[in-house]
Number of protein chains: 2
Amino acid sequence: MSLLDAPLVVASNRGPVTFERNERGELEARRGSGGLVTALLGAMQQVGGLWIAAASSDADRELAGAANGGLVDMAPFGGDYRVRLLDVEPDRYDAYYNRISNGILWFAHHSLWDTVHQPVFDDETERAWHEYVAVNRQFAEALAEEADRSVEPPAFLIQDYHLTLVPRLLRELRPDASIARFSHTAIAGRTYLRSRPGRIREGVLRGMLGADVLGFHSQLWAENFLMSARSLPGVRADLARSRLIVEGREVVVRIHPISIDASGLREAAAAPEVAALRRELNRWRGDARLILRVDRLELSKNIVRGFQAYALFLRTHPEWRHRVRFLVLLSPSRMDLPEYRTYGEECVAEAELVNREFGDEEWQPVEVRVKDDYIGAVAAYGISDVLLVNPIYDGMNLVAMEGPLLNRRGGVLVLSRNAGAYWRLGKHALAVNPFDLRETADAIFRALEMPREERVRRARGLSRLVWSNPPERWVRTQLEDLERARLRRRIG
Amino acid sequence: MSLLDAPLVVASNRGPVTFERNERGELEARRGSGGLVTALLGAMQQVGGLWIAAASSDADRELAGAANGGLVDMAPFGGDYRVRLLDVEPDRYDAYYNRISNGILWFAHHSLWDTVHQPVFDDETERAWHEYVAVNRQFAEALAEEADRSVEPPAFLIQDYHLTLVPRLLRELRPDASIARFSHTAIAGRTYLRSRPGRIREGVLRGMLGADVLGFHSQLWAENFLMSARSLPGVRADLARSRLIVEGREVVVRIHPISIDASGLREAAAAPEVAALRRELNRWRGDARLILRVDRLELSKNIVRGFQAYALFLRTHPEWRHRVRFLVLLSPSRMDLPEYRTYGEECVAEAELVNREFGDEEWQPVEVRVKDDYIGAVAAYGISDVLLVNPIYDGMNLVAMEGPLLNRRGGVLVLSRNAGAYWRLGKHALAVNPFDLRETADAIFRALEMPREERVRRARGLSRLVWSNPPERWVRTQLEDLERARLRRRIG
């Protein structure tokens, strides 16, 4: 049987659903949104399968503690698949999630450190790393159990930087497993990654190399991985064919840009409450043009420089004052990390500086809203004239797809050259260096002054690209890679 | 005639000598030290040549303003070569030197930015860049003039990150020139370098590609350059043969680790005043073992983490308290940049923290001396037990060579894996990740506890490696590369 029809077994830190108990004490499953969940669940419902994730809510943990090891049949919740929730002890989870995954791996891959002062690794790092290894082992063992349970050999799809060690650990338990692993983040270059302690650096690389297929969102991230991996003893690289030979085993490196769930998003945008919010926003903006940013409150998103560039634009083009407003929708993120709390304050302070310099009784140039407000973002996407997406580094960036998909005004996308999305959408966007305020300010100006014809042409181009790459393809191409790898292994 | 016998024309920001007027008003030439000057002047005295540099002292500027364009025959000063001093207007020099060279290129290549907040590029950057281009053009024109003056076609050797554009600008003026260019800094990876504005990034890369031969201190820096350069439109890379094809022209990339002037340094260490200083330092240290660090007060040198690692060592090994002292000799550097002034304060504050935590009336664990004191360093090298060289990133690091060359006690070298010197000396040093306090603290401990036999074996290995690579070889191998390039061009 081909792996294209094999059961799917997915592992990721967050699962596709979170369980809650309602007022009547019944279990309810809240489904996550986004291309990843849509794509993987879509495929899983066809061939059957299991999604393994760490328990995150109280109800999750309750299920995870059950005698069946956290296995949940989703049929009563309207899904034709299963979920397995792993109960990770809270201190261990903190070390694995906050300290290693978000405190070290995320920083390293997005080049976020103030290197003169950070990072500082010590015994605490070492202890946290042991917990990270332990959680990854917990996932690998759950995956191996599923391999035994399954009649047909499944296709394992391991997600992201929380689970870098799982491919290798699973390979040790089940040498014949078919494993694809996907990196959703940016991947920093080899030189920057030398900042990580040797054990972590090598552990992560060798952990990933346990897979048959390694997927990335862009050429640059894939190339960076290849260059890092080939520096390991015992690893040979064939750069032209984008593959590595590790202890006689072949690992292929592939580029599979993810996309959003366009139909689902269009549907969400058609809801009456979105229309109501859109009207409200339109009243608020009045005659002004609307510049929009939608982001997690995240260090890599470059929110402060966004305000600075907007201020530079207003300084250079006083004729645009009173004629434009900048709406900034930020959802709180990783508030357990002090760097994120400080950054949130910096963002708000920077916005106030802009309002103080340019604002008056009639007009406040910036409005910042810090809250989880997906529906608000969906409404704002529809009516913005410029969407600012200027991350320092970003694995892909889905805002750059959601905005153009929902926009109805020929809105212009200003896009960082360091976002994975740039490699897909760049030609229809106004591309900027995220560190360059002048270039960003000029792009905002150019976007606002752009003739309607050009705006519409670019907007259509963006929308077409988003529609042309449905999430199903992202899954299918990975499974095809995995199947090819399996056939090569048989012949070889 | 082979380029091995051709006149040498060197360009670098600082020249090999600085002129001063003595009390009697006579000109005196103070010669710089180090392997670069020794190597290049040594070669230049044999074949004749010219060294072009920016005027730096008042007397320099006086000479630079003379009718002959700043040409100085060094014969009256005991040298068989010429110097040409360029008069760069002070504001222009500030932009070229402080803002672009040290404020952007240095930070980029050593990954020194706090990326969430820095860098921020704006119109000021653009203006400074124009000045950088102008100074590079001034150098290129002076070099072209010398090409016309010379009977035999000279070998041009362009130094370092201040003059990245000179190879291309000179190539435009004299298409047949034989140009070698050397990078003395670390070279960051392509992804990190995307932080620079496009114009600067591409300008620097294309500027360097004007050379026939590009030299680097280590494999990693060379590889990073290759990977960046091959991403430019119109540039083709042959990674296996380490060369690039640029508009039909071949550019070879080569690794030529520089070394120190061992004989000169040994000679300097034999001076009576050094012996006196050594005795003084020996009295000061008493029975304690001596850990030494010698550095410019430079962000990339990782001075603060050095103190933190030492504190961690004292915390973990209380048995070593009162039995060890850490002498830190820092020469002030780039005090025109606010980051450097702040960092100096941070270093001193961190040292005080260590003294406060562990010191008492009898014993202060750290002594920091901030001044230009080369002789003091030479004296201290002789008597240290451990030399700590833990830079964040470093092109080469000559302290790691000077110390072992002069040490008389079988001193142990603790060396960062991110210093160019690591690729040459690493196997005889205790290698550390500069961000890892635990690994650094453990290396200090291991160095202090190391059996004499092992210490001596390692020290001899280091000393042998330093002697085996005299500075002359660094020049000769570059000229050989250049000659091969010239012959290939003739055939091709």
# chains A, B, ... in the order shown; residues from 1 in each chain; ligands from 1

$ residues_around --residues "B:Ala128" --least-positions-apart "4" --cutoff "8 Å" --atoms "only C-alpha atoms" --output "VMD selection string"
chain B and resid 92 95 to 96 99 to 100 124 132

$ write_last_selection --atoms "N, CA and C atoms" --output "PDB file, in the first residue's frame"
ATOM      1  N   ARG B  92      33.368  63.431   6.705  1.00  0.00           N
ATOM      2  CA  ARG B  92      33.325  62.289   5.789  1.00  0.00           C
ATOM      3  C   ARG B  92      33.978  61.075   6.448  1.00  0.00           C
ATOM      4  N   ALA B  95      31.690  59.503   9.012  1.00  0.00           N
ATOM      5  CA  ALA B  95      30.628  58.686   8.406  1.00  0.00           C
ATOM      6  C   ALA B  95      31.189  57.350   7.923  1.00  0.00           C
ATOM      7  N   TYR B  96      32.305  57.425   7.232  1.00  0.00           N
ATOM      8  CA  TYR B  96      32.938  56.225   6.664  1.00  0.00           C
ATOM      9  C   TYR B  96      33.444  55.284   7.752  1.00  0.00           C
ATOM     10  N   ARG B  99      30.350  55.371  11.394  1.00  0.00           N
ATOM     11  CA  ARG B  99      28.965  54.960  11.117  1.00  0.00           C
ATOM     12  C   ARG B  99      28.889  53.698  10.255  1.00  0.00           C
ATOM     13  N   ILE B 100      29.565  53.697   9.144  1.00  0.00           N
ATOM     14  CA  ILE B 100      29.432  52.530   8.252  1.00  0.00           C
ATOM     15  C   ILE B 100      30.387  51.397   8.667  1.00  0.00           C
ATOM     16  N   GLU B 124      19.939  58.955   7.552  1.00  0.00           N
ATOM     17  CA  GLU B 124      21.296  59.158   8.054  1.00  0.00           C
ATOM     18  C   GLU B 124      22.217  58.049   7.536  1.00  0.00           C
ATOM     19  N   TYR B 132      30.966  56.795   2.674  1.00  0.00           N
ATOM     20  CA  TYR B 132      31.783  55.570   2.621  1.00  0.00           C
ATOM     21  C   TYR B 132      32.205  55.294   1.171  1.00  0.00           C
TER      22      TYR B 132
END

$ residues_around --residues "stretch 326-331 of chain B" --least-positions-apart "5" --cutoff "8 Å" --atoms "only C-alpha atoms" --output "MDAnalysis selection string"
chainID B and resid 290:297 365:373 377

$ write_last_selection --atoms "N, CA and C atoms" --output "tab-separated table (two decimals), in the first residue's frame"
chain	number	residue	atom	x	y	z
B	290	LEU	N	47.40	32.47	37.95
B	290	LEU	CA	46.97	33.66	37.23
B	290	LEU	C	46.16	33.30	35.98
B	291	ILE	N	44.90	33.75	35.97
B	291	ILE	CA	44.09	33.69	34.75
B	291	ILE	C	44.19	35.05	34.09
B	292	LEU	N	44.43	35.06	32.80
B	292	LEU	CA	44.66	36.33	32.10
B	292	LEU	C	43.70	36.49	30.94
B	293	ARG	N	43.25	37.73	30.77
B	293	ARG	CA	42.61	38.06	29.50
B	293	ARG	C	43.20	39.36	29.00
B	294	VAL	N	43.47	39.45	27.71
B	294	VAL	CA	44.01	40.66	27.07
B	294	VAL	C	43.14	40.94	25.86
B	295	ASP	N	42.53	42.10	25.83
B	295	ASP	CA	41.62	42.39	24.73
B	295	ASP	C	41.47	43.89	24.52
B	296	ARG	N	41.10	44.23	23.31
B	296	ARG	CA	40.51	45.54	23.13
B	296	ARG	C	39.18	45.52	23.87
B	297	LEU	N	38.79	46.70	24.37
B	297	LEU	CA	37.47	46.80	25.02
B	297	LEU	C	36.42	46.81	23.90
B	365	PRO	N	39.33	38.72	43.79
B	365	PRO	CA	39.47	37.73	42.71
B	365	PRO	C	39.73	38.30	41.32
B	366	VAL	N	39.32	39.56	41.09
B	366	VAL	CA	39.49	40.14	39.75
B	366	VAL	C	40.24	41.46	39.82
B	367	GLU	N	41.10	41.69	38.86
B	367	GLU	CA	41.68	43.02	38.68
B	367	GLU	C	41.53	43.42	37.21
B	368	VAL	N	40.87	44.58	37.02
B	368	VAL	CA	40.66	45.08	35.65
B	368	VAL	C	41.51	46.32	35.45
B	369	ARG	N	42.26	46.36	34.37
B	369	ARG	CA	43.02	47.56	34.03
B	369	ARG	C	42.64	48.01	32.63
B	370	VAL	N	42.03	49.18	32.59
B	370	VAL	CA	41.61	49.71	31.29
B	370	VAL	C	42.60	50.78	30.85
B	371	LYS	N	43.53	50.41	30.01
B	371	LYS	CA	44.44	51.38	29.40
B	371	LYS	C	45.21	50.73	28.26
B	372	ASP	N	45.80	51.57	27.42
B	372	ASP	CA	46.67	51.05	26.36
B	372	ASP	C	47.97	50.64	27.00
B	373	ASP	N	48.23	49.35	27.06
B	373	ASP	CA	49.41	48.90	27.80
B	373	ASP	C	49.93	47.63	27.16
B	377	ALA	N	50.81	43.80	28.71
B	377	ALA	CA	50.27	42.54	28.20
B	377	ALA	C	51.39	41.56	27.90

$ select_by_dssp --residues "stretch 395-463 of chain A" --states "alpha helix (DSSP H)" --output "MDAnalysis selection string"
chainID A and resid 399:406 420:425 437:449 452:463

$ interface_residues --of "chain A" --to "chain B" --cutoff "8 Å" --atoms "only C-alpha atoms" --output "count of residues only"
37

$ atom_distance --atom1 "atom CA of B:Ala421" --atom2 "atom CA of B:Ala400"
7.0 Å

$ residues_around --residues "B:Ser101" --least-positions-apart "4" --cutoff "12 Å" --atoms "only C-alpha atoms" --output "PyMOL selection string"
chain B and resi 13+93-97+105-109+125+128-129+131-133+135-136+160-165+185+200+204+334+337

$ select_by_dssp --residues "stretch 193-375 of chain B" --states "strand (DSSP E or B)" --output "PyMOL selection string"
chain B and resi 213-216+235-238+243-246+249-255+289-296+324-331+366-370

$ atom_distance --atom1 "atom CA of A:Ile52" --atom2 "atom CA of A:Leu71"
8.8 Å

$ residues_around --residues "A:Phe307" --least-positions-apart "6" --cutoff "8 Å" --atoms "only C-alpha atoms" --output "list in words"
Glu350, Ala351 and Val354 of chain A

$ write_last_selection --atoms "all heavy atoms" --output "PDB file, in the first residue's frame"
ATOM      1  N   GLU A 350       5.816  53.152  21.938  1.00  0.00           N
ATOM      2  CA  GLU A 350       6.204  53.687  20.628  1.00  0.00           C
ATOM      3  C   GLU A 350       4.985  54.254  19.901  1.00  0.00           C
ATOM      4  O   GLU A 350       5.058  55.305  19.267  1.00  0.00           O
ATOM      5  CB  GLU A 350       6.866  52.577  19.807  1.00  0.00           C
ATOM      6  CG  GLU A 350       7.664  53.053  18.619  1.00  0.00           C
ATOM      7  CD  GLU A 350       8.926  53.821  18.998  1.00  0.00           C
ATOM      8  OE1 GLU A 350       9.586  53.451  19.995  1.00  0.00           O
ATOM      9  OE2 GLU A 350       9.235  54.807  18.298  1.00  0.00           O
ATOM     10  N   ALA A 351       3.857  53.565  20.030  1.00  0.00           N
ATOM     11  CA  ALA A 351       2.624  54.047  19.402  1.00  0.00           C
ATOM     12  C   ALA A 351       2.224  55.394  20.005  1.00  0.00           C
ATOM     13  O   ALA A 351       1.813  56.311  19.292  1.00  0.00           O
ATOM     14  CB  ALA A 351       1.509  53.022  19.585  1.00  0.00           C
ATOM     15  N   VAL A 354       4.170  58.266  18.574  1.00  0.00           N
ATOM     16  CA  VAL A 354       3.690  58.692  17.254  1.00  0.00           C
ATOM     17  C   VAL A 354       2.449  59.573  17.419  1.00  0.00           C
ATOM     18  O   VAL A 354       2.342  60.638  16.803  1.00  0.00           O
ATOM     19  CB  VAL A 354       3.357  57.469  16.364  1.00  0.00           C
ATOM     20  CG1 VAL A 354       2.852  57.931  14.992  1.00  0.00           C
ATOM     21  CG2 VAL A 354       4.565  56.572  16.200  1.00  0.00           C
TER      22      VAL A 354
END

$ closest_residue --among "A:Ala271, A:Ala144, A:Val412, A:Leu36" --to "A:Ser183" --atoms "only C-alpha atoms"
A:Leu36

$ atom_distance --atom1 "atom CA of B:Arg458" --atom2 "atom CA of B:Pro470"
19.8 Å

$ residues_around --residues "stretch 55-57 of chain A" --least-positions-apart "2" --cutoff "8 Å" --atoms "only C-alpha atoms" --output "PyMOL selection string"
chain A and resi 14-15+18-20+53+59-61+64+85-88

$ write_last_selection --atoms "N, CA and C atoms" --output "tab-separated table (two decimals), in the first residue's frame"
chain	number	residue	atom	x	y	z
A	14	ARG	N	0.73	21.61	20.16
A	14	ARG	CA	-0.70	21.87	20.30
A	14	ARG	C	-1.47	20.94	19.38
A	15	GLY	N	-2.55	20.39	19.90
A	15	GLY	CA	-3.37	19.52	19.06
A	15	GLY	C	-4.35	20.31	18.20
A	18	THR	N	-8.96	21.66	21.39
A	18	THR	CA	-8.79	21.79	22.83
A	18	THR	C	-10.12	21.43	23.46
A	19	PHE	N	-10.07	20.61	24.51
A	19	PHE	CA	-11.32	20.23	25.16
A	19	PHE	C	-11.63	21.18	26.32
A	20	GLU	N	-12.93	21.44	26.48
A	20	GLU	CA	-13.42	22.24	27.61
A	20	GLU	C	-14.67	21.56	28.12
A	53	ALA	N	-0.70	15.13	20.79
A	53	ALA	CA	-0.34	16.49	21.21
A	53	ALA	C	-0.25	16.51	22.74
A	59	ALA	N	-9.49	20.19	30.91
A	59	ALA	CA	-10.21	19.03	30.38
A	59	ALA	C	-9.27	18.12	29.59
A	60	ASP	N	-8.34	18.73	28.86
A	60	ASP	CA	-7.31	17.95	28.15
A	60	ASP	C	-6.57	17.05	29.13
A	61	ARG	N	-6.15	17.66	30.22
A	61	ARG	CA	-5.32	16.91	31.19
A	61	ARG	C	-6.13	15.78	31.83
A	64	ALA	N	-6.14	13.14	29.34
A	64	ALA	CA	-4.79	12.57	29.21
A	64	ALA	C	-4.50	11.59	30.34
A	85	LEU	N	-3.85	12.70	23.81
A	85	LEU	CA	-3.34	13.82	24.59
A	85	LEU	C	-2.32	13.30	25.60
A	86	LEU	N	-1.14	13.88	25.60
A	86	LEU	CA	-0.09	13.44	26.52
A	86	LEU	C	-0.08	14.33	27.75
A	87	ASP	N	-0.01	13.68	28.88
A	87	ASP	CA	0.02	14.42	30.14
A	87	ASP	C	1.47	14.73	30.47
A	88	VAL	N	1.86	15.99	30.31
A	88	VAL	CA	3.23	16.38	30.63
A	88	VAL	C	3.21	17.13	31.94

$ residues_around --residues "B:Leu398" --least-positions-apart "5" --cutoff "10 Å" --atoms "only C-alpha atoms" --output "list in words"
Gly34, Gly35, Ile258, Ser259, Ile260, Asp295, Val389, Gly403, Ala419, Gly420 and Ala421 of chain B

$ closest_residue --among "A:Arg181, A:Arg356, A:Arg127, A:Arg476" --to "A:Ala311" --atoms "only C-alpha atoms"
A:Arg356

$ residues_around --residues "A:Ala443" --least-positions-apart "6" --cutoff "9 Å" --atoms "only C-alpha atoms" --output "list of chain:residue names"
A:Val414, A:Leu430, A:Ala431, A:Val432

$ closest_residue --among "B:Trp423, B:Tyr381, B:Trp467, B:Trp363" --to "B:Met396" --atoms "only C-alpha atoms"
B:Trp423
